[in-house]
$ cat upload.tsv   # TSV, C-alpha atoms
chain	number	residue	atom	x	y	z
K	1	MET	CA	43.67	-38.30	122.29
K	2	ASN	CA	45.12	-37.16	118.93
K	3	LYS	CA	43.63	-34.47	116.69
K	4	ARG	CA	42.08	-37.01	114.31
K	5	SER	CA	40.26	-38.74	117.16
K	6	LEU	CA	39.02	-35.38	118.47
K	7	LEU	CA	37.60	-34.44	115.06
K	8	GLN	CA	35.88	-37.83	114.71
K	9	SER	CA	34.35	-37.49	118.17
K	10	ALA	CA	33.11	-33.99	117.45
K	11	LEU	CA	31.52	-35.10	114.18
K	12	THR	CA	29.86	-38.08	115.88
K	13	LEU	CA	28.36	-35.80	118.55
K	14	ALA	CA	27.13	-33.32	115.93
K	15	LEU	CA	25.43	-36.03	113.92
K	16	ALA	CA	23.88	-37.51	117.04
K	17	ALA	CA	22.45	-34.10	117.95
K	18	GLY	CA	20.99	-33.68	114.45
K	19	PHE	CA	23.44	-30.99	113.34
K	20	ALA	CA	24.56	-32.44	110.05
K	21	PRO	CA	26.32	-29.99	107.70
K	22	GLY	CA	23.08	-29.45	105.74
K	23	ALA	CA	21.19	-28.54	108.91
K	24	LEU	CA	23.84	-25.99	109.85
K	25	ALA	CA	23.45	-24.33	106.44
K	26	GLN	CA	19.72	-23.86	107.00
K	27	ASP	CA	20.40	-21.76	110.10
K	28	LYS	CA	21.55	-18.97	107.78
K	29	PRO	CA	18.86	-16.52	106.63
K	30	LEU	CA	17.54	-16.94	103.11
K	31	LYS	CA	18.79	-14.12	100.92
K	32	ILE	CA	15.89	-12.71	98.90
K	33	GLY	CA	16.57	-10.14	96.18
K	34	VAL	CA	13.98	-7.42	95.52
K	35	THR	CA	13.85	-4.04	93.84
K	36	ALA	CA	13.51	-0.98	96.07
K	37	GLY	CA	9.98	0.22	96.76
K	38	PRO	CA	6.85	-1.94	97.07
K	39	HIS	CA	8.65	-5.26	96.57
K	40	ALA	CA	11.00	-4.43	99.43
K	41	GLN	CA	8.15	-3.12	101.62
K	42	ILE	CA	6.09	-6.25	101.06
K	43	PHE	CA	8.98	-8.59	101.72
K	44	GLU	CA	9.75	-6.90	105.04
K	45	GLN	CA	6.24	-8.01	106.05
K	46	VAL	CA	6.73	-11.48	104.53
K	47	LYS	CA	9.88	-11.73	106.64
K	48	LYS	CA	7.79	-11.34	109.81
K	49	VAL	CA	5.19	-13.91	108.71
K	50	ALA	CA	7.83	-16.43	107.63
K	51	GLU	CA	9.67	-16.12	110.94
K	52	LYS	CA	6.61	-17.56	112.71
K	53	ASP	CA	7.17	-20.71	110.62
K	54	GLY	CA	10.86	-20.84	111.51
K	55	LEU	CA	12.05	-19.30	108.25
K	56	LYS	CA	14.67	-16.54	108.52
K	57	ILE	CA	14.91	-14.05	105.67
K	58	GLN	CA	17.39	-11.35	104.71
K	59	VAL	CA	15.94	-8.85	102.23
K	60	ILE	CA	18.49	-7.48	99.74
K	61	GLU	CA	17.50	-4.47	97.61
K	62	PHE	CA	18.58	-3.78	94.03
K	63	SER	CA	18.12	-0.64	91.94
K	64	ASP	CA	17.69	-2.30	88.54
K	65	TYR	CA	16.08	-5.31	86.86
K	66	VAL	CA	19.27	-7.04	85.65
K	67	GLN	CA	21.28	-7.76	88.78
K	68	PRO	CA	18.75	-9.78	90.84
K	69	ASN	CA	18.69	-12.62	88.28
K	70	ALA	CA	22.46	-12.50	87.81
K	71	ALA	CA	22.93	-12.70	91.59
K	72	LEU	CA	20.43	-15.55	91.90
K	73	SER	CA	22.08	-17.52	89.11
K	74	ALA	CA	25.51	-16.98	90.68
K	75	GLY	CA	24.32	-18.31	94.04
K	76	ASP	CA	24.51	-14.97	95.84
K	77	LEU	CA	20.74	-15.07	96.45
K	78	ASP	CA	18.40	-17.92	97.34
K	79	ALA	CA	15.40	-16.36	95.58
K	80	ASN	CA	14.22	-13.09	94.09
K	81	ALA	CA	10.84	-11.39	93.85
K	82	TYR	CA	10.62	-8.47	91.44
K	83	GLN	CA	9.81	-9.63	87.90
K	84	HIS	CA	6.94	-10.95	85.79
K	85	LYS	CA	7.02	-14.13	83.71
K	86	PRO	CA	7.60	-12.51	80.29
K	87	TYR	CA	10.72	-10.83	81.68
K	88	LEU	CA	11.96	-14.03	83.35
K	89	ASP	CA	11.33	-16.02	80.16
K	90	ALA	CA	13.36	-13.50	78.14
K	91	GLN	CA	16.24	-13.58	80.65
K	92	VAL	CA	16.31	-17.38	80.66
K	93	LYS	CA	16.34	-17.45	76.86
K	94	ASP	CA	18.94	-14.71	76.42
K	95	ARG	CA	21.29	-15.57	79.30
K	96	GLY	CA	20.76	-19.28	79.82
K	97	TYR	CA	19.79	-18.95	83.48
K	98	LYS	CA	18.54	-22.09	85.23
K	99	ILE	CA	15.89	-20.09	87.09
K	100	VAL	CA	12.20	-20.96	87.48
K	101	SER	CA	9.04	-19.42	88.89
K	102	VAL	CA	7.59	-21.05	92.00
K	103	GLY	CA	4.56	-18.82	92.60
K	104	TYR	CA	2.88	-15.47	91.98
K	105	THR	CA	3.12	-12.34	94.10
K	106	VAL	CA	1.63	-9.01	92.95
K	107	ASN	CA	0.62	-7.12	89.85
K	108	PHE	CA	1.78	-3.56	89.17
K	109	PRO	CA	-0.36	-2.07	86.40
K	110	MET	CA	1.97	0.03	84.23
K	111	GLY	CA	1.06	3.69	83.89
K	112	LEU	CA	1.67	6.51	81.41
K	113	TYR	CA	2.75	9.75	83.09
K	114	SER	CA	3.44	13.33	82.08
K	115	LYS	CA	4.32	16.67	83.63
K	116	LYS	CA	3.48	18.47	80.39
K	117	VAL	CA	-0.05	17.24	79.56
K	118	LYS	CA	-3.05	16.00	81.49
K	119	SER	CA	-4.33	13.56	78.87
K	120	LEU	CA	-2.91	11.56	75.98
K	121	ASN	CA	-5.03	13.61	73.57
K	122	GLU	CA	-2.98	16.70	74.48
K	123	LEU	CA	0.29	15.19	73.24
K	124	LYS	CA	1.58	17.26	70.32
K	125	GLN	CA	2.97	16.04	67.01
K	126	GLY	CA	6.49	14.72	67.48
K	127	ALA	CA	6.15	14.41	71.26
K	128	ARG	CA	9.06	12.62	72.93
K	129	PHE	CA	7.86	9.51	74.74
K	130	GLY	CA	9.93	7.46	77.22
K	131	LEU	CA	9.93	3.65	77.07
K	132	PRO	CA	11.69	1.03	79.25
K	133	ASN	CA	14.71	-0.25	77.33
K	134	ASP	CA	14.33	-3.92	78.28
K	135	PRO	CA	12.41	-5.95	75.66
K	136	THR	CA	9.49	-7.17	77.77
K	137	ASN	CA	8.66	-3.90	79.53
K	138	GLY	CA	9.26	-1.94	76.33
K	139	GLY	CA	6.76	-4.18	74.55
K	140	ARG	CA	4.37	-3.82	77.45
K	141	ALA	CA	4.50	-0.01	77.15
K	142	LEU	CA	3.89	-0.13	73.39
K	143	LEU	CA	0.88	-2.40	73.90
K	144	LEU	CA	-0.48	0.11	76.42
K	145	LEU	CA	-0.04	2.91	73.88
K	146	GLN	CA	-1.84	0.79	71.30
K	147	ASP	CA	-4.68	0.06	73.73
K	148	ASN	CA	-5.08	3.82	74.14
K	149	GLY	CA	-5.19	4.44	70.38
K	150	LEU	CA	-1.89	6.32	70.00
K	151	ILE	CA	-0.12	3.76	67.82
K	152	LYS	CA	-0.75	0.51	65.98
K	153	LEU	CA	1.65	-2.43	66.04
K	154	LYS	CA	2.11	-4.93	63.25
K	155	ASP	CA	0.17	-8.16	63.59
K	156	GLY	CA	1.90	-10.71	65.76
K	157	ALA	CA	4.24	-8.25	67.48
K	158	GLY	CA	2.91	-9.43	70.83
K	159	LEU	CA	4.60	-8.95	74.20
K	160	LYS	CA	8.05	-8.38	72.70
K	161	ALA	CA	7.05	-5.52	70.42
K	162	THR	CA	9.69	-2.84	69.76
K	163	PRO	CA	9.43	0.62	68.16
K	164	LEU	CA	10.35	-1.10	64.88
K	165	ASP	CA	6.98	-2.91	65.04
K	166	VAL	CA	4.99	0.34	65.01
K	167	VAL	CA	3.10	0.52	61.70
K	168	SER	CA	0.89	3.52	62.50
K	169	ASN	CA	1.96	6.53	64.55
K	170	PRO	CA	-0.40	9.47	63.74
K	171	LYS	CA	1.21	11.82	66.27
K	172	LYS	CA	4.70	10.81	65.09
K	173	LEU	CA	5.77	10.10	68.66
K	174	LYS	CA	9.54	9.94	69.09
K	175	PHE	CA	10.44	7.04	71.35
K	176	VAL	CA	13.28	7.46	73.85
K	177	GLU	CA	14.37	4.16	75.41
K	178	LEU	CA	15.79	4.38	78.94
K	179	ASP	CA	16.48	2.08	81.87
K	180	ALA	CA	13.16	1.49	83.64
K	181	ALA	CA	14.44	2.95	86.92
K	182	GLN	CA	15.35	6.22	85.16
K	183	LEU	CA	11.93	6.83	83.61
K	184	PRO	CA	10.35	8.74	86.52
K	185	ARG	CA	13.21	11.25	86.32
K	186	SER	CA	12.73	11.54	82.56
K	187	LEU	CA	9.39	13.29	83.06
K	188	ASP	CA	11.15	16.64	83.42
K	189	ASP	CA	12.74	16.29	79.99
K	190	LEU	CA	10.25	14.24	77.96
K	191	ASP	CA	6.62	14.90	77.08
K	192	ALA	CA	5.45	11.63	78.64
K	193	SER	CA	6.80	8.26	79.75
K	194	ALA	CA	5.63	4.75	80.50
K	195	VAL	CA	6.66	3.93	84.07
K	196	ASN	CA	6.53	0.62	85.94
K	197	THR	CA	4.48	1.07	89.10
K	198	ASN	CA	7.21	0.01	91.53
K	199	PHE	CA	9.46	2.80	90.20
K	200	ALA	CA	6.54	5.24	90.02
K	201	LEU	CA	5.73	4.70	93.71
K	202	SER	CA	9.41	5.03	94.68
K	203	ALA	CA	9.45	8.40	92.91
K	204	GLY	CA	6.38	9.62	94.80
K	205	LEU	CA	3.91	9.14	91.95
K	206	ASN	CA	0.44	7.78	92.73
K	207	PRO	CA	-0.73	5.57	89.83
K	208	LYS	CA	-4.39	6.07	90.71
K	209	LYS	CA	-4.09	9.88	90.73
K	210	ASP	CA	-1.08	10.79	88.60
K	211	ALA	CA	-1.18	8.37	85.66
K	212	ILE	CA	-2.86	9.72	82.52
K	213	ALA	CA	-3.47	6.11	81.46
K	214	LEU	CA	-3.20	2.86	83.40
K	215	GLU	CA	-2.87	-0.73	82.30
K	216	SER	CA	-5.71	-3.15	83.02
K	217	ALA	CA	-5.24	-5.34	86.09
K	218	LYS	CA	-5.97	-8.34	83.88
K	219	SER	CA	-2.61	-8.76	82.18
K	220	PRO	CA	0.13	-11.39	81.79
K	221	TYR	CA	2.45	-9.29	83.92
K	222	VAL	CA	1.79	-10.69	87.40
K	223	ASN	CA	5.07	-10.76	89.34
K	224	LEU	CA	6.57	-13.92	90.79
K	225	ILE	CA	9.08	-15.52	93.14
K	226	ALA	CA	11.99	-17.13	91.29
K	227	VAL	CA	14.56	-19.66	92.49
K	228	ARG	CA	17.28	-21.74	90.91
K	229	GLU	CA	15.83	-24.78	89.19
K	230	ALA	CA	17.84	-27.07	91.48
K	231	ASP	CA	16.14	-25.55	94.56
K	232	LYS	CA	12.50	-25.55	93.42
K	233	ASN	CA	11.56	-28.58	95.56
K	234	GLN	CA	13.42	-27.49	98.68
K	235	PRO	CA	11.15	-27.37	101.78
K	236	TRP	CA	11.95	-23.69	102.37
K	237	VAL	CA	10.44	-22.77	99.00
K	238	ALA	CA	6.99	-23.97	100.05
K	239	LYS	CA	7.32	-22.12	103.38
K	240	LEU	CA	8.37	-18.92	101.60
K	241	LEU	CA	5.44	-19.10	99.20
K	242	LYS	CA	3.02	-19.86	102.04
K	243	ALA	CA	4.21	-16.78	103.93
K	244	TYR	CA	3.91	-14.52	100.90
K	245	GLN	CA	0.51	-15.79	99.83
K	246	SER	CA	-0.93	-15.51	103.34
K	247	GLU	CA	-4.00	-13.52	104.27
K	248	GLU	CA	-1.79	-11.21	106.35
K	249	ILE	CA	0.19	-10.18	103.28
K	250	ARG	CA	-2.93	-9.82	101.13
K	251	LYS	CA	-4.40	-7.40	103.66
K	252	PHE	CA	-1.12	-5.48	103.95
K	253	ILE	CA	-0.98	-4.98	100.16
K	254	GLU	CA	-4.59	-3.84	99.98
K	255	VAL	CA	-4.27	-1.38	102.89
K	256	GLU	CA	-0.77	-0.05	102.15
K	257	PHE	CA	-1.08	0.49	98.40
K	258	LYS	CA	-4.80	1.23	98.04
K	259	GLY	CA	-5.22	-0.40	94.64
K	260	SER	CA	-1.99	0.74	92.98
K	261	VAL	CA	-0.48	-2.70	93.70
K	262	LEU	CA	-2.75	-5.74	93.40
K	263	PRO	CA	-2.39	-9.21	94.97
K	264	GLY	CA	-1.72	-11.71	92.18
K	265	PHE	CA	-2.43	-14.86	94.20

$ encode --input "upload.tsv" --output "structure tokens"
Amino acid sequence: MNKRSLLQSALTLALAAGFAPGALAQDKPLKIGVTAGPHAQIFEQVKKVAEKDGLKIQVIEFSDYVQPNAALSAGDLDANAYQHKPYLDAQVKDRGYKIVSVGYTVNFPMGLYSKKVKSLNELKQGARFGLPNDPTNGGRALLLLQDNGLIKLKDGAGLKATPLDVVSNPKKLKFVELDAAQLPRSLDDLDASAVNTNFALSAGLNPKKDAIALESAKSPYVNLIAVREADKNQPWVAKLLKAYQSEEIRKFIEVEFKGSVLPGF
């Protein structure tokens, strides 16, 4: 039998056994991108729940907010779980990603932290205040400052507010914009900083005890699972979402994080 006949026979047997090329591809674990900290901890539990439904997952950690979407768009990930919709919307608009949300995960109320003062009222004139340097989380921090009476933003600034939108700043706060992951370390040098909860927890901060102000749980910043638009109707997406939004994961979040991370489903 020549080589061509051998290859044809092998392919015929594979198809007969149900091992078409597409089926072989599904034997590989799904690569899910997350940021280090709570997202990674939660997905390690999701991995166990999903495995009961025949879904294999490989959790891949990132240290910033930019790379997980770039990796997903490039095909290096199958999904990611680390961002809220305002951030995803901004990334899609700015970078042209064909990425969509397929379901909600958790909410991390943003907190304001300081090693210099115990309340916002104690901030002195000209205090240096750290903000995330990405547009959506920077706007989120400014809205939190406005909610606490420290500044006023111009009408219509909304979720994408920047320091340029501040129209009233009685304490003359000086805003220092840094990468979100760097903000916990900025507390030694700045008077106060807005810190995303996932990075606060990774740095050993307890939002319930250490934050001098905390965002309301009712906000538009619930996190989500994102996939490439072409994959949104794939069967594994529904299985992944089912595993994440299970009662087992809800209980894990409630017990593990004691209110500093909230189920958003």

$ closest_residue --input "upload.tsv" --among "K:Gly33, K:Pro207, K:Gly111, K:Pro38" --to "K:Leu77" --atoms "only C-alpha atoms"
K:Gly33

$ residues_around --input "upload.tsv" --residues "K:Leu145" --least-positions-apart "2" --cutoff "12 Å" --atoms "only C-alpha atoms" --output "tab-separated table (two decimals) with C-alpha atoms, in the coordinates of the input"
chain	number	residue	atom	x	y	z
K	110	MET	CA	1.97	0.03	84.23
K	111	GLY	CA	1.06	3.69	83.89
K	112	LEU	CA	1.67	6.51	81.41
K	113	TYR	CA	2.75	9.75	83.09
K	120	LEU	CA	-2.91	11.56	75.98
K	121	ASN	CA	-5.03	13.61	73.57
K	129	PHE	CA	7.86	9.51	74.74
K	130	GLY	CA	9.93	7.46	77.22
K	131	LEU	CA	9.93	3.65	77.07
K	138	GLY	CA	9.26	-1.94	76.33
K	139	GLY	CA	6.76	-4.18	74.55
K	140	ARG	CA	4.37	-3.82	77.45
K	141	ALA	CA	4.50	-0.01	77.15
K	142	LEU	CA	3.89	-0.13	73.39
K	143	LEU	CA	0.88	-2.40	73.90
K	147	ASP	CA	-4.68	0.06	73.73
K	148	ASN	CA	-5.08	3.82	74.14
K	149	GLY	CA	-5.19	4.44	70.38
K	150	LEU	CA	-1.89	6.32	70.00
K	151	ILE	CA	-0.12	3.76	67.82
K	152	LYS	CA	-0.75	0.51	65.98
K	153	LEU	CA	1.65	-2.43	66.04
K	161	ALA	CA	7.05	-5.52	70.42
K	163	PRO	CA	9.43	0.62	68.16
K	166	VAL	CA	4.99	0.34	65.01
K	168	SER	CA	0.89	3.52	62.50
K	169	ASN	CA	1.96	6.53	64.55
K	171	LYS	CA	1.21	11.82	66.27
K	173	LEU	CA	5.77	10.10	68.66
K	175	PHE	CA	10.44	7.04	71.35
K	192	ALA	CA	5.45	11.63	78.64
K	193	SER	CA	6.80	8.26	79.75
K	194	ALA	CA	5.63	4.75	80.50
K	212	ILE	CA	-2.86	9.72	82.52
K	213	ALA	CA	-3.47	6.11	81.46
K	214	LEU	CA	-3.20	2.86	83.40
K	215	GLU	CA	-2.87	-0.73	82.30

$ atom_distance --input "upload.tsv" --atom1 "atom CA of K:Asp155" --atom2 "atom CA of K:Val92"
25.2 Å

$ atom_distance --input "upload.tsv" --atom1 "atom CA of K:Leu190" --atom2 "atom CA of K:Arg128"
5.4 Å

$ atom_distance --input "upload.tsv" --atom1 "atom CA of K:Ile32" --atom2 "atom CA of K:Leu205"
25.9 Å

$ residues_around --input "upload.tsv" --residues "stretch 218-231 of chain K" --least-positions-apart "4" --cutoff "8 Å" --atoms "only C-alpha atoms" --output "list in words"
Leu72, Ser73, Asp78, Ala79, Asn80, Ala81, Tyr82, Gln83, His84, Lys85, Pro86, Lys98, Ile99, Val100, Ser101, Val102, Gly103, Tyr104, Thr105, Val106, Asn107, Phe108, Val237, Leu241 and Gly264 of chain K

$ write_last_selection --input "upload.tsv" --atoms "C-alpha atoms" --output "compact mmCIF listing (two decimals), in the frame of the given file"
# COMPACT_ATOMS: atom_id res chain seq x y z
CA LEU K 72 20.43 -15.55 91.90
CA SER K 73 22.08 -17.52 89.11
CA ASP K 78 18.40 -17.92 97.34
CA ALA K 79 15.40 -16.36 95.58
CA ASN K 80 14.22 -13.09 94.09
CA ALA K 81 10.84 -11.39 93.85
CA TYR K 82 10.62 -8.47 91.44
CA GLN K 83 9.81 -9.63 87.90
CA HIS K 84 6.94 -10.95 85.79
CA LYS K 85 7.02 -14.13 83.71
CA PRO K 86 7.60 -12.51 80.29
CA LYS K 98 18.54 -22.09 85.23
CA ILE K 99 15.89 -20.09 87.09
CA VAL K 100 12.20 -20.96 87.48
CA SER K 101 9.04 -19.42 88.89
CA VAL K 102 7.59 -21.05 92.00
CA GLY K 103 4.56 -18.82 92.60
CA TYR K 104 2.88 -15.47 91.98
CA THR K 105 3.12 -12.34 94.10
CA VAL K 106 1.63 -9.01 92.95
CA ASN K 107 0.62 -7.12 89.85
CA PHE K 108 1.78 -3.56 89.17
CA VAL K 237 10.44 -22.77 99.00
CA LEU K 241 5.44 -19.10 99.20
CA GLY K 264 -1.72 -11.71 92.18

$ closest_residue --input "upload.tsv" --among "K:Ser114, K:Thr162, K:Asn133, K:Ser63" --to "K:Val176" --atoms "all atoms listed in the file"
K:Asn133

$ axis_aligned_box --input "upload.tsv" --around "stretch 163-179 of chain K" --padding-each-side "8 Å" --output "AutoDock Vina command-line options"
--center_x 8.0 --center_y 4.5 --center_z 71.8 --size_x 32.9 --size_y 30.7 --size_z 36.2

$ closest_residue --input "upload.tsv" --among "K:Ser119, K:Gln234, K:Ser246, K:Gln67" --to "K:Gln91" --atoms "all atoms listed in the file"
K:Gln67

$ residues_around --input "upload.tsv" --residues "K:Leu240" --least-positions-apart "6" --cutoff "9 Å" --atoms "only C-alpha atoms" --output "VMD selection string"
chain K and resid 46 to 47 50 55

$ closest_residue --input "upload.tsv" --among "K:Pro109, K:Pro170, K:Gly156, K:Gly96" --to "K:Lys124" --atoms "all atoms listed in the file"
K:Pro170

$ residues_around --input "upload.tsv" --residues "K:Arg185" --least-positions-apart "4" --cutoff "9 Å" --atoms "only C-alpha atoms" --output "mmCIF file with C-alpha atoms, in the frame of the given file"
data_model
loop_
_atom_site.group_PDB
_atom_site.id
_atom_site.type_symbol
_atom_site.label_atom_id
_atom_site.label_comp_id
_atom_site.auth_asym_id
_atom_site.auth_seq_id
_atom_site.Cartn_x
_atom_site.Cartn_y
_atom_site.Cartn_z
ATOM 1 C CA ALA K 181 14.440 2.950 86.920
ATOM 2 C CA ASP K 189 12.740 16.290 79.990
ATOM 3 C CA ALA K 203 9.450 8.400 92.910
#

$ closest_residue --input "upload.tsv" --among "K:Lys239, K:Lys251, K:Arg95, K:Lys52" --to "K:Leu30" --atoms "all atoms listed in the file"
K:Lys239

$ closest_residue --input "upload.tsv" --among "K:Gln125, K:Gln45, K:Gln182, K:Asn137" --to "K:Ser202" --atoms "all atoms listed in the file"
K:Gln182

$ decode --input "upload.tsv" --residues "stretch 189-210 of chain K" --atoms "C-alpha atoms" --output "CSV table (one decimal), in the first residue's frame"
chain,number,residue,atom,x,y,z
K,189,ASP,CA,4.8,58.4,47.9
K,190,LEU,CA,1.3,60.0,47.4
K,191,ASP,CA,-1.2,61.3,49.9
K,192,ALA,CA,-3.9,59.0,48.6
K,193,SER,CA,-4.8,56.9,45.6
K,194,ALA,CA,-7.8,55.3,43.9
K,195,VAL,CA,-7.1,51.6,43.6
K,196,ASN,CA,-9.1,48.9,41.8
K,197,THR,CA,-10.1,46.2,44.2
K,198,ASN,CA,-8.3,43.3,42.4
K,199,PHE,CA,-5.0,45.1,42.7
K,200,ALA,CA,-5.8,46.3,46.3
K,201,LEU,CA,-6.3,42.6,47.4
K,202,SER,CA,-3.2,41.5,45.6
K,203,ALA,CA,-1.3,44.1,47.6
K,204,GLY,CA,-2.7,42.9,50.9
K,205,LEU,CA,-5.2,45.7,51.3
K,206,ASN,CA,-8.7,44.9,52.7
K,207,PRO,CA,-11.3,47.2,51.0
K,208,LYS,CA,-13.7,46.8,53.8
K,209,LYS,CA,-11.2,47.8,56.5
K,210,ASP,CA,-8.5,49.8,54.7
